[in-house]
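Working notes for the structure below.
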Amino acid sequence: MSTKENTFKNLIGKNGRALGSLGYFIILMLVFLIGAPEVMMRPNLHQSVFVMLPVIMFMVIPLVFLVTAGEIDLSFASTFGLSAYIFALLLKAGLDPLLCILIGILSGAVVGILMGCLVVYGRLSSLVASLGALFFIRGFLFVASDSKSISFMEISDHWIYDVLVGKLFGVPMQVYWAALFTIFSYYLYRKHVFGIHIHHVGDNPDSAAQMGINVNWVRISAFMYVGLGAALAGIFSCLINFTWWPTQGFGYLLLALAAVFIGGTPTWGGVGTIVGAVFGVGVIAYMEVGVVAMGMSGVWRQFFNGLIIILAILGHRFHGGRVR
Amino acid sequence: MSAIIELKNVSKSFGGITALKKASIKVDVGEVVGLIGDNGAGKSTLIKTLVGVHAPDDGQIIIRGNEVKNWNASKAREAGIETVFQDRALCPQQSIVWNIFMGKELKHRFGFIREKEQVREANKLIREIGFTSKLIDAESPVGNLSGGERQGVAIARAIYNNAELIVLDEPTTALSLIETQKVFDFVDNVKKSGRSVLFIGHNIYHVYDISDRFIVLDRGEVVHQLNKNDIEGPEALMKVMKDAVSKH
């Protein structure tokens, strides 16, 4: 075997999951392109997808860290709403928008830490504990806001609006911010002690502890990152819509999780891929518009969403079994 | 003071079960100490306490003459104690290089990994410990390796960190004869280099062959500490162990 061939095989072997997700994304786009060429060639369709796609990205990328660490979080969909609520309240109180954003992000991180502590020190299943937190936080939002939304059209006059969700070269600014966040997260995940310890803890927490890794802290910080990402998503969603509303973010719960798994991060912990998750988000973001673009009636949407998810996850079985 | 580590009256219990009762042991510079005892004698608990995986309920841990509080695995590694655990403490889905540097990564500022350096060092190490297959390099996942090769990775990790004391917990379990011999050669080399070894095993012949001194553990208590000169052979050592058990 030549070295060149070897390198190539290595490349496929190491990036199988990410390449698989890229494959599903391409297949999906081809199907849509063949099914509805004139709609899919229209630039404003893509523009509309790219308005909200970054918001999903902020949620999904940190979830890859958490799932790699062997945990799961459902509460992020409510943390999204809570941090956005805090942001909206502070904004209405007349605080500087930049400060509102920073406090909003911080609040997400704090909720994440609390969530992590609940799981780690309460020795609870993260699935069940975060399910509780999901409803608890959302319930709090309904009560606190009296189920009323908050709008803040005035934000569009502030410089921060243009910087965060304005347009640059015809592309929404949030796309650049999400790209920056994703690149940063990629390096954090693959090249930084934080990400590497997350892999070890998700793979074999006992081994990690025996080698002196603070397993509890690694788990809590993974939850913190998810909370932070959810807060970013919530605040961006507020800025894009000029409004906070009580159910904001709730609809992303299952879609964001689906993007993680379509993206090639398995449920068992220890492995995952940021690049794959990007394509997972792509699949999720285009799935809905694509099905409708192909002339399918709205009632078929969820049917096809489900089909795509099942096929993608089945596919991932072929290029990434678990090694023990 | 020539002891690298000393445990004084260390006790540990799990739930209602006492695993260690006021155990006191020490390991001096350059000696190979064999720790023996029947199943359930508390060997593993003693080792895991010594290397900081379990926190003792009571007693002192003294490193080179200074008592250390809040002893943990990370402090043990900083103090120059490396352990080859019975379960090898590897992460099978991660690469050899990530396993070798697990918990002690080579870092730039801000915590980013010195990746190229790690891979170079890991490739050197796996050749040193005798991996010859061209299919295995530092970036292969540990899960693709055989039992002996995995043990090799665990040992490589202990060597790399230039430990002053290497703790080997049942290192020859499930190994072939040749692989077992490799482990013995490794212990010899460590000893020649002036470092210390704490060797845990239930095969008394293995332990007898390589140790300078023996600690006999029974039901959580240190019942004997013997020099090799005090004992005539592995059979005599076995008798000491049996007598200790029958006293209870």
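All residue names refer to the structure tokens as shown: chains lettered A, B, ... in order, residues numbered from 1 in each chain, ligands numbered from 1 in order.
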At a cut-off of 8 Å, can you tabulate as a tab-separated table every residue of chain B near chain A together with its closest atom pair and the distance in Å to one decimal, using only C-alpha atoms and ordering rows by chain then number?
```
residue	atom	partner	partner_atom	distance
B:Val53	CA	A:Gln210	CA	5.8
B:Asn72	CA	A:Gly212	CA	7.3
B:Ala73	CA	A:Gly212	CA	4.5
B:Ser74	CA	A:Gly212	CA	4.1
B:Lys75	CA	A:Gly212	CA	7.8
B:Arg77	CA	A:Gly212	CA	7.5
B:Arg88	CA	A:Ser207	CA	7.8
B:Ala89	CA	A:Ser207	CA	4.1
B:Leu90	CA	A:Ser207	CA	5.8
B:Cys91	CA	A:Asn204	CA	5.6
B:Pro92	CA	A:Arg324	CA	5.4
B:Gln93	CA	A:Val323	CA	5.8
B:Gln94	CA	A:His200	CA	7.5
B:Trp98	CA	A:Ile196	CA	7.8
B:Met102	CA	A:Met211	CA	6.6
B:Gly103	CA	A:Ile213	CA	5.5
B:Glu105	CA	A:Val193	CA	7.3
B:Lys107	CA	A:Val193	CA	7.9
B:Gly111	CA	A:Val193	CA	5.7
B:Phe112	CA	A:His192	CA	4.2
B:Ile113	CA	A:Lys191	CA	5.5
B:Glu115	CA	A:Lys191	CA	7.4
B:Gly143	CA	A:Arg324	CA	5.2
B:Asn144	CA	A:Val323	CA	7.2
```
Using DSSP assignments from the backbone, pull out every residue in region 116-185 of chain A that falls under strand (DSSP E or B) and give it to me as a list in words.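 Listing strand (DSSP E or B) positions across region 116-185 of chain A yields Ile150, Ser151, Lys167, Leu168, Val171 and Pro172 of chain A.
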(Q) I'd like the contact shell of region 30-46 of chain A - 10 Å cut-off, only C-alpha atoms, skipping same-chain residues fewer than 2 positions apart - returned as a PyMOL selection string. (A) chain A and resi 24-28+48-51+285-287+289-295
From a backbone DSSP assignment, name each residue in region 48-114 of chain B labelled alpha helix (DSSP H), as a PyMOL selection string. chain B and resi 48-50+73-78+96-100
task: Find the residue from B:Leu175, B:Leu165, B:Val84, B:Ile200 that sits nearest to Val153 (chain B); use only C-alpha atoms when measuring.
output: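 Comparing B:Leu175, B:Leu165, B:Val84, B:Ile200 against Val153 (chain B), the winner is B:Val84.
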What's around region 107-112 of chain A at 6 Å? Count only C-alpha atoms, leave out sequence neighbours fewer than 2 positions away in its own chain, and write the answer as a list of chain:residue names.
A:Ser83, A:Gly104, A:Ile105, A:Leu114, A:Met115, A:Phe223, A:Met224, A:Gly227, A:Leu228, A:Ala231
Same residues, N, CA and C atoms, saved as a compact mmCIF listing (two decimals), in the first residue's frame:
```
# COMPACT_ATOMS: atom_id res chain seq x y z
N SER A 83 -32.77 33.47 28.96
CA SER A 83 -31.72 34.47 28.73
C SER A 83 -32.24 35.60 27.84
N GLY A 104 -27.17 38.76 29.51
CA GLY A 104 -27.99 37.67 28.98
C GLY A 104 -27.16 36.41 28.75
N ILE A 105 -26.00 36.57 28.13
CA ILE A 105 -25.13 35.42 27.87
C ILE A 105 -24.68 34.79 29.19
N LEU A 114 -25.79 25.52 36.84
CA LEU A 114 -26.76 24.98 37.79
C LEU A 114 -27.28 23.62 37.31
N MET A 115 -27.57 23.55 36.02
CA MET A 115 -28.04 22.29 35.42
C MET A 115 -26.99 21.20 35.62
N PHE A 223 -22.09 21.50 30.39
CA PHE A 223 -23.44 22.04 30.55
C PHE A 223 -23.41 23.57 30.44
N MET A 224 -22.36 24.16 31.02
CA MET A 224 -22.24 25.61 30.97
C MET A 224 -22.16 26.09 29.51
N GLY A 227 -25.52 26.09 27.94
CA GLY A 227 -26.32 27.22 28.42
C GLY A 227 -25.91 28.51 27.72
N LEU A 228 -24.59 28.66 27.57
CA LEU A 228 -24.06 29.86 26.91
C LEU A 228 -24.52 29.93 25.45
N ALA A 231 -28.16 30.83 25.24
CA ALA A 231 -28.36 32.25 25.50
C ALA A 231 -28.05 33.08 24.25
```
Tell me which protein, DNA and RNA residues are within 7 Å of Thr273 (chain A), counting only C-alpha atoms, leaving out same-chain ones fewer than 3 positions away, and put them as a list in words. Ala18, Gly264, Thr265, Gly276 and Ala277 of chain A
**Report entry** Ser156 (chain A) environment, 9 Å, only C-alpha atoms, sequence neighbours closer than 5 positions dropped, as an MDAnalysis selection string
**Finding:** chainID A and resid 161:162 239 242
re CA of Thr173 (chain B) and CA of Ser24 (chain B): distance 26.3 Å
